Amino acid sequence: MRVLVMFDLPVVSKKERKLATKFRKYLLDEGYVMMQYSVYYRVCNGYDMAKKHINLLENAVPKKGSVRAILLTERQFSEMKLLVGDPLEIEEKVNSNNLSIF
């Protein structure tokens, strides 16, 4: 299962840029992988773990902007079509074959 986080944060003022950077750093520190500049995902072992990470996200989001999270199964994620460009190197390293099911 994967948690996909999409966000659009204001970055007009210095304070807003700092908060947006802090949020992106939080995502990386929590094991999220950047798919695009404002789209990150994290691999989770099951629904309960994914819900836990969404609850943690709720405490870390900035007050302004738009942040959305969606849960995707590995099958749903694998059905995603890349319409233009190449997959990122990190995307090739993190795939469902690397997951351990307990």
# chains A, B, ... in the order shown; residues from 1 in each chain; ligands from 1
>>> select_by_dssp(residues="chain A", states="alpha helix (DSSP H)", output="PyMOL selection string")
chain A and resi 14-29+47-60+74-78+89-93
>>> residues_around(residues="region 4-20 of chain A", least_positions_apart="2", cutoff="9 Å", atoms="only C-alpha atoms", output="number ranges by chain")
A: 2, 22-25, 32, 38-42, 62, 64-72
>>> atom_distance(atom1="CA of Asp48 (chain A)", atom2="CA of Gly31 (chain A)")
16.5 Å
